[in-house]
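Okay, query_25.cif is below, mmCIF, C-alpha atoms:
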data_structure
#
loop_
_atom_site.label_atom_id
_atom_site.label_comp_id
_atom_site.auth_asym_id
_atom_site.auth_seq_id
_atom_site.Cartn_x
_atom_site.Cartn_y
_atom_site.Cartn_z
CA MET A 4 37.34 7.51 -26.42
CA SER A 5 40.33 8.68 -24.39
CA THR A 6 43.87 7.71 -25.43
CA PRO A 7 46.29 5.99 -23.00
CA THR A 8 48.30 9.21 -22.74
CA GLN A 9 45.33 11.25 -21.47
CA THR A 10 45.25 11.98 -17.76
CA THR A 11 42.21 11.62 -15.52
CA ALA A 12 41.94 15.39 -15.23
CA GLU A 13 41.84 15.75 -19.02
CA VAL A 14 39.12 13.12 -19.36
CA THR A 15 37.10 14.76 -16.58
CA ALA A 16 37.51 18.17 -18.17
CA GLY A 17 36.13 16.82 -21.42
CA THR A 18 33.09 15.30 -19.71
CA PRO A 19 29.88 17.35 -20.03
CA ALA A 20 28.83 19.15 -16.82
CA LYS A 21 25.41 17.46 -16.91
CA VAL A 22 27.03 14.00 -16.76
CA ARG A 23 29.36 15.06 -13.93
CA ARG A 24 26.44 16.39 -11.89
CA ARG A 25 24.69 13.03 -12.11
CA THR A 26 27.64 11.26 -10.51
CA SER A 27 27.98 13.78 -7.66
CA ILE A 28 26.42 13.17 -4.24
CA ASN A 29 24.05 15.67 -2.69
CA ILE A 30 25.48 15.63 0.83
CA PRO A 31 22.75 17.71 2.59
CA LEU A 32 19.98 15.64 1.05
CA THR A 33 21.79 12.41 1.89
CA LEU A 34 22.18 13.50 5.52
CA LEU A 35 18.51 14.46 5.67
CA VAL A 36 17.46 11.05 4.34
CA ALA A 37 19.77 9.34 6.84
CA VAL A 38 18.30 11.29 9.76
CA LEU A 39 14.71 10.69 8.66
CA SER A 40 15.40 6.98 8.23
CA LEU A 41 16.16 6.82 11.96
CA THR A 42 12.47 7.55 12.66
CA VAL A 43 11.73 4.15 11.11
CA LEU A 44 14.83 2.18 12.04
CA ILE A 45 14.85 3.05 15.76
CA PRO A 46 11.23 1.95 16.43
CA LEU A 47 11.84 -1.18 14.35
CA TYR A 48 14.99 -1.96 16.34
CA PHE A 49 13.14 -1.35 19.61
CA THR A 50 10.34 -3.71 18.52
CA ILE A 51 12.78 -6.47 17.60
CA VAL A 52 14.88 -6.33 20.78
CA THR A 53 11.78 -6.12 22.99
CA ALA A 54 10.25 -9.14 21.30
CA LEU A 55 13.42 -11.14 22.00
CA LYS A 56 13.68 -10.22 25.68
CA SER A 57 12.13 -11.70 28.79
CA SER A 58 9.94 -9.65 31.11
CA ASP A 59 12.82 -9.34 33.60
CA GLN A 60 15.10 -7.74 30.99
CA LEU A 61 12.67 -4.86 30.34
CA SER A 62 13.60 -3.14 33.57
CA GLY A 63 16.93 -1.98 32.13
CA ASN A 64 17.75 0.06 29.04
CA GLY A 65 15.00 -0.46 26.48
CA LEU A 66 17.43 -0.14 23.55
CA ALA A 67 19.97 -2.59 24.99
CA LEU A 68 20.44 -5.92 23.26
CA PRO A 69 18.84 -8.92 25.02
CA THR A 70 21.22 -10.87 27.23
CA SER A 71 19.41 -14.04 26.14
CA ILE A 72 17.05 -14.62 23.23
CA HIS A 73 13.51 -15.76 24.10
CA LEU A 74 11.84 -17.13 20.98
CA GLU A 75 9.04 -18.51 23.10
CA ASN A 76 7.50 -15.03 22.98
CA PHE A 77 6.60 -15.66 19.34
CA ALA A 78 5.13 -19.07 20.10
CA LYS A 79 3.04 -17.54 22.87
CA ALA A 80 1.84 -14.72 20.64
CA TRP A 81 1.05 -17.22 17.87
CA THR A 82 -1.28 -19.10 20.21
CA LEU A 83 -2.87 -16.25 22.15
CA THR A 84 -3.75 -14.18 19.07
CA ASN A 85 -4.79 -17.17 16.93
CA PHE A 86 -2.31 -15.76 14.42
CA PRO A 87 -2.91 -18.21 11.51
CA ASN A 88 -6.62 -17.37 11.36
CA ALA A 89 -6.02 -13.60 11.62
CA LEU A 90 -3.29 -13.85 8.97
CA LEU A 91 -5.63 -15.69 6.61
CA ILE A 92 -8.42 -13.14 7.07
CA SER A 93 -6.06 -10.19 6.53
CA GLY A 94 -4.61 -11.91 3.46
CA ILE A 95 -8.05 -12.52 1.94
CA VAL A 96 -9.16 -8.94 2.57
CA THR A 97 -5.92 -7.41 1.26
CA VAL A 98 -5.63 -9.54 -1.89
CA GLY A 99 -9.32 -9.11 -2.68
CA ALA A 100 -9.13 -5.35 -2.19
CA VAL A 101 -6.00 -4.95 -4.34
CA ILE A 102 -7.28 -7.05 -7.26
CA LEU A 103 -10.78 -5.57 -7.27
CA THR A 104 -9.46 -2.02 -6.86
CA ILE A 105 -7.05 -2.24 -9.78
CA LEU A 106 -9.58 -3.86 -12.13
CA THR A 107 -12.56 -1.62 -11.36
CA ASN A 108 -10.97 1.72 -10.53
CA SER A 109 -8.80 1.75 -13.66
CA LEU A 110 -11.83 0.97 -15.81
CA VAL A 111 -13.92 3.77 -14.27
CA ALA A 112 -11.03 6.20 -14.61
CA TYR A 113 -10.59 5.26 -18.28
CA ALA A 114 -14.26 5.95 -19.00
CA ILE A 115 -14.07 9.33 -17.26
CA ALA A 116 -10.72 10.40 -18.77
CA ARG A 117 -11.79 9.70 -22.35
CA ASN A 118 -15.20 11.37 -21.92
CA MET A 119 -14.24 14.41 -19.87
CA HIS A 120 -15.68 16.67 -22.58
CA ARG A 121 -19.17 15.39 -21.75
CA PRO A 122 -20.97 17.18 -18.88
CA PHE A 123 -22.04 13.96 -17.15
CA PHE A 124 -18.55 12.49 -16.93
CA LYS A 125 -17.05 15.82 -15.95
CA ALA A 126 -19.58 16.16 -13.12
CA LEU A 127 -18.88 12.56 -12.13
CA TYR A 128 -15.16 13.31 -11.93
CA TYR A 129 -15.66 16.28 -9.63
CA PHE A 130 -18.11 14.27 -7.55
CA PHE A 131 -15.39 11.68 -6.87
CA ILE A 132 -12.86 14.42 -6.09
CA ALA A 133 -15.31 16.05 -3.66
CA ALA A 134 -15.73 12.70 -1.89
CA LEU A 135 -12.08 12.93 -0.81
CA PHE A 136 -13.06 15.65 1.66
CA VAL A 137 -15.82 13.65 3.40
CA PRO A 138 -14.52 12.35 6.76
CA PHE A 139 -15.22 8.69 7.37
CA PRO A 140 -16.71 9.19 10.90
CA ILE A 141 -19.58 11.14 9.34
CA ILE A 142 -20.75 8.15 7.29
CA MET A 143 -19.47 5.42 9.62
CA LEU A 144 -22.76 4.57 11.35
CA PRO A 145 -24.95 4.56 8.19
CA VAL A 146 -22.41 2.38 6.38
CA THR A 147 -22.21 -0.04 9.31
CA LYS A 148 -25.99 -0.36 9.43
CA GLN A 149 -26.23 -0.82 5.67
CA MET A 150 -23.57 -3.53 5.57
CA SER A 151 -25.31 -5.37 8.40
CA ILE A 152 -28.66 -5.28 6.60
CA LEU A 153 -27.06 -6.57 3.38
CA GLY A 154 -25.31 -9.37 5.27
CA LEU A 155 -21.90 -8.00 4.30
CA ASP A 156 -20.50 -7.51 7.81
CA ASN A 157 -17.74 -9.97 6.93
CA PRO A 158 -14.37 -10.02 5.08
CA VAL A 159 -16.10 -9.91 1.68
CA GLY A 160 -17.96 -6.73 2.58
CA LEU A 161 -14.75 -5.33 4.02
CA PHE A 162 -12.69 -5.56 0.83
CA LEU A 163 -15.69 -4.24 -1.15
CA LEU A 164 -15.61 -1.15 1.06
CA TYR A 165 -11.88 -0.71 0.52
CA THR A 166 -12.53 -0.78 -3.22
CA VAL A 167 -15.30 1.80 -2.98
CA TYR A 168 -13.59 4.15 -0.54
CA GLY A 169 -10.36 4.10 -2.53
CA LEU A 170 -12.21 5.04 -5.70
CA SER A 171 -12.00 8.83 -5.24
CA PHE A 172 -8.23 9.04 -4.85
CA ASN A 173 -7.55 6.33 -7.43
CA ILE A 174 -9.77 8.08 -9.99
CA PHE A 175 -7.70 11.23 -9.47
CA VAL A 176 -4.41 9.33 -9.99
CA TYR A 177 -5.53 7.16 -12.90
CA THR A 178 -7.26 9.95 -14.81
CA ALA A 179 -4.21 12.18 -14.83
CA PHE A 180 -2.08 9.31 -16.15
CA ILE A 181 -4.58 8.16 -18.79
CA LYS A 182 -4.79 11.69 -20.20
CA SER A 183 -1.06 11.49 -20.96
CA ILE A 184 -1.52 8.32 -23.06
CA PRO A 185 -1.68 9.21 -26.78
CA ALA A 186 -5.14 8.70 -28.21
CA GLU A 187 -3.53 7.39 -31.41
CA LEU A 188 -2.92 4.06 -29.66
CA GLU A 189 -6.65 3.54 -29.19
CA GLU A 190 -7.50 4.83 -32.65
CA ALA A 191 -5.13 2.31 -34.21
CA ALA A 192 -6.70 -0.52 -32.22
CA ILE A 193 -10.22 0.56 -33.18
CA MET A 194 -9.24 0.73 -36.86
CA ASP A 195 -8.04 -2.88 -36.52
CA GLY A 196 -11.52 -3.85 -35.36
CA ALA A 197 -11.01 -3.86 -31.58
CA SER A 198 -13.95 -2.99 -29.35
CA VAL A 199 -13.75 -0.56 -26.43
CA TRP A 200 -13.35 -3.45 -23.99
CA THR A 201 -10.61 -5.03 -26.09
CA THR A 202 -8.84 -1.71 -26.46
CA PHE A 203 -8.81 -1.18 -22.72
CA ARG A 204 -7.72 -4.75 -21.97
CA LYS A 205 -4.97 -5.08 -24.58
CA VAL A 206 -3.78 -1.49 -25.07
CA ILE A 207 -4.58 0.76 -22.10
CA PHE A 208 -4.37 -1.62 -19.15
CA PRO A 209 -0.78 -2.79 -19.94
CA VAL A 210 0.33 0.85 -20.22
CA LEU A 211 -1.15 1.49 -16.77
CA THR A 212 1.42 -0.84 -15.14
CA PRO A 213 3.20 1.90 -13.13
CA MET A 214 -0.10 3.32 -11.89
CA ASN A 215 -1.37 -0.17 -11.11
CA ALA A 216 1.77 -0.74 -9.04
CA THR A 217 1.25 2.53 -7.17
CA VAL A 218 -2.45 1.95 -6.51
CA GLY A 219 -1.80 -1.68 -5.58
CA ILE A 220 0.87 -0.75 -3.02
CA LEU A 221 -1.24 1.97 -1.42
CA THR A 222 -4.30 -0.27 -1.28
CA CYS A 223 -2.27 -3.17 0.13
CA LEU A 224 -0.81 -1.01 2.91
CA TRP A 225 -4.21 0.48 3.72
CA ALA A 226 -6.13 -2.81 3.79
CA TRP A 227 -3.43 -4.64 5.75
CA ASN A 228 -2.90 -1.98 8.42
CA ASP A 229 -6.38 -0.48 8.70
CA PHE A 230 -8.06 -0.67 12.08
CA MET A 231 -11.22 1.45 11.86
CA LEU A 232 -13.15 -0.37 9.11
CA PRO A 233 -12.63 -3.89 10.53
CA LEU A 234 -13.63 -2.60 13.97
CA VAL A 235 -17.01 -1.25 12.84
CA ILE A 236 -17.81 -3.74 10.05
CA LEU A 237 -16.78 -7.21 11.24
CA SER A 238 -19.33 -8.68 13.63
CA ASP A 239 -17.89 -12.19 14.04
CA PRO A 240 -14.86 -12.35 16.39
CA SER A 241 -13.46 -15.26 14.36
CA THR A 242 -13.08 -12.97 11.30
CA ARG A 243 -10.92 -10.33 12.97
CA THR A 244 -8.00 -8.99 10.96
CA LEU A 245 -4.48 -8.68 12.36
CA PRO A 246 -4.75 -5.02 13.52
CA LEU A 247 -8.01 -5.82 15.31
CA VAL A 248 -6.51 -8.93 16.91
CA GLN A 249 -3.53 -6.84 18.08
CA PHE A 250 -5.88 -4.32 19.68
CA VAL A 251 -7.90 -6.97 21.52
CA PHE A 252 -4.73 -8.75 22.60
CA GLN A 253 -3.19 -5.53 23.92
CA ASN A 254 -6.28 -4.79 26.01
CA GLN A 255 -6.34 -8.28 27.50
CA PHE A 256 -2.60 -8.62 28.14
CA ASN A 257 -1.47 -5.00 28.52
CA THR A 258 1.41 -5.87 30.86
CA ASP A 259 2.92 -8.66 28.75
CA TYR A 260 5.01 -6.35 26.58
CA THR A 261 7.40 -8.98 25.23
CA THR A 262 4.59 -11.12 23.85
CA ALA A 263 2.76 -8.05 22.56
CA PHE A 264 5.82 -6.81 20.67
CA ALA A 265 6.40 -10.30 19.30
CA SER A 266 2.87 -10.26 17.91
CA TYR A 267 3.45 -6.80 16.39
CA LEU A 268 6.59 -8.06 14.68
CA MET A 269 4.77 -11.10 13.34
CA ALA A 270 2.00 -8.90 11.93
CA MET A 271 4.60 -6.62 10.30
CA ALA A 272 6.70 -9.39 8.77
CA PRO A 273 4.41 -10.45 5.84
CA LEU A 274 4.38 -6.98 4.26
CA LEU A 275 8.15 -6.68 4.63
CA LEU A 276 8.62 -10.04 2.91
CA ILE A 277 6.25 -9.06 0.11
CA TYR A 278 8.20 -5.86 -0.49
CA ILE A 279 11.57 -7.65 -0.47
CA PHE A 280 10.44 -10.13 -3.13
CA ALA A 281 8.36 -7.68 -5.20
CA GLN A 282 10.55 -4.58 -5.12
CA ARG A 283 12.13 -5.20 -8.54
CA TRP A 284 8.70 -5.35 -10.20
CA VAL A 285 7.59 -2.23 -8.34
CA ILE A 286 10.73 -0.29 -9.31
CA SER A 287 10.60 -1.48 -12.93
CA GLY A 288 6.97 -0.41 -13.14
CA VAL A 289 7.78 3.06 -11.85
CA MET A 290 10.76 3.35 -14.22
CA ARG A 291 8.60 2.39 -17.20
CA GLY A 292 6.20 5.11 -16.17
CA SER A 293 8.97 7.70 -15.96
CA VAL A 294 10.19 7.06 -19.51
CA LYS A 295 6.83 6.45 -21.15
#

Mind turning this structure into structure tokens?
Amino acid sequence: MSTPTQTTAEVTAGTPAKVRRRTSINIPLTLLVAVLSLTVLIPLYFTIVTALKSSDQLSGNGLALPTSIHLENFAKAWTLTNFPNALLISGIVTVGAVILTILTNSLVAYAIARNMHRPFFKALYYFFIAALFVPFPIIMLPVTKQMSILGLDNPVGLFLLYTVYGLSFNIFVYTAFIKSIPAELEEAAIMDGASVWTTFRKVIFPVLTPMNATVGILTCLWAWNDFMLPLVILSDPSTRTLPLVQFVFQNQFNTDYTTAFASYLMAMAPLLLIYIFAQRWVISGVMRGSVK
């Protein structure tokens, strides 16, 4: 502890270099992040100001602030896109995909990671990795036909497909993390009489919190914003997700830009709200993973 007679320079001189480096600012990296952030902030700003303008105000500078705010664009988009129904369908698909993906993919990855020494599980692991390199258009038509035959050309079939198609990447992520978990944790649980299922549920799954957060975020973004799978799978127009509704709306009203941008902003808002309210859990999960 420094005495009152010590100067700031003396205290700083006695501070380890490693601690001083942590408090310094990397100016080039900060400038790079600031410039790259403009690629997100400028389109977002353009979307907001366009959604608040009237059609007459679009003839001027596109980045200019609206001279008058027109909230009726949102009401019009709400009605024309049947937004509540599309929001409900997208919510069901996204929540179902996230929950089912985390529960099933982590379990499969655990079985593979702890049995990698066996030829069958090792071959299964490389099979999932190889599936990452199969383009979706190659299997699109067979999958569409199969889902139609099984009667799964609906939101339920859609979030089942998200769970299956995310399996390859999630196996890769989960397996690497599970291998870093000390096997002594499971051995201690087994010695206390826990079964394999109990060990996974009470020991392994809680430790997977940072990976569950990562997989959940990626799956949520994919299921919410995906356009291709809903386009080829959903056969009932009343079960269209938000991206599909936006596409149909844009084709029907391609000159009504203010209403279209209002609908885009409405479709974007739920994910932004989810992130704002859930960011502390996401960050805490990642931090727990970094110090595990």

**Message:** Using the chain letters and numbers from this file, what does the PyMOL selection byres ((chain A and resi 226-240) around 6) select? Give the answer as a ChimeraX atom specification.
**Reply:** /A:97,147,156-157,222-225,241-243,246

**Request:** Output the residue selection produced by the PyMOL selection byres ((chain A and resi 198-202) around 12) on the file above, formatted as a ChimeraX atom specification.
**Result:** /A:110,113-114,117,186-197,203-210

**Request:** Carefully work through the PyMOL selection byres ((chain A and resi 47) around 12) for this structure and note down the residues it includes, as a count of residues only.
**Result:** 22

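Our summary of the geometry notes that CA of Thr70 (chain A) is positioned 18.5 Å from CA of Asp259 (chain A).
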
Give the centre and edge lengths of an axis-aligned box, in Å to one decimal, that holds all listed atoms of region 40-48 of chain A with 5 Å on each side, as AutoDock Vina command-line options.
--center_x 13.7 --center_y 2.8 --center_z 12.3 --size_x 14.9 --size_y 19.5 --size_z 18.2
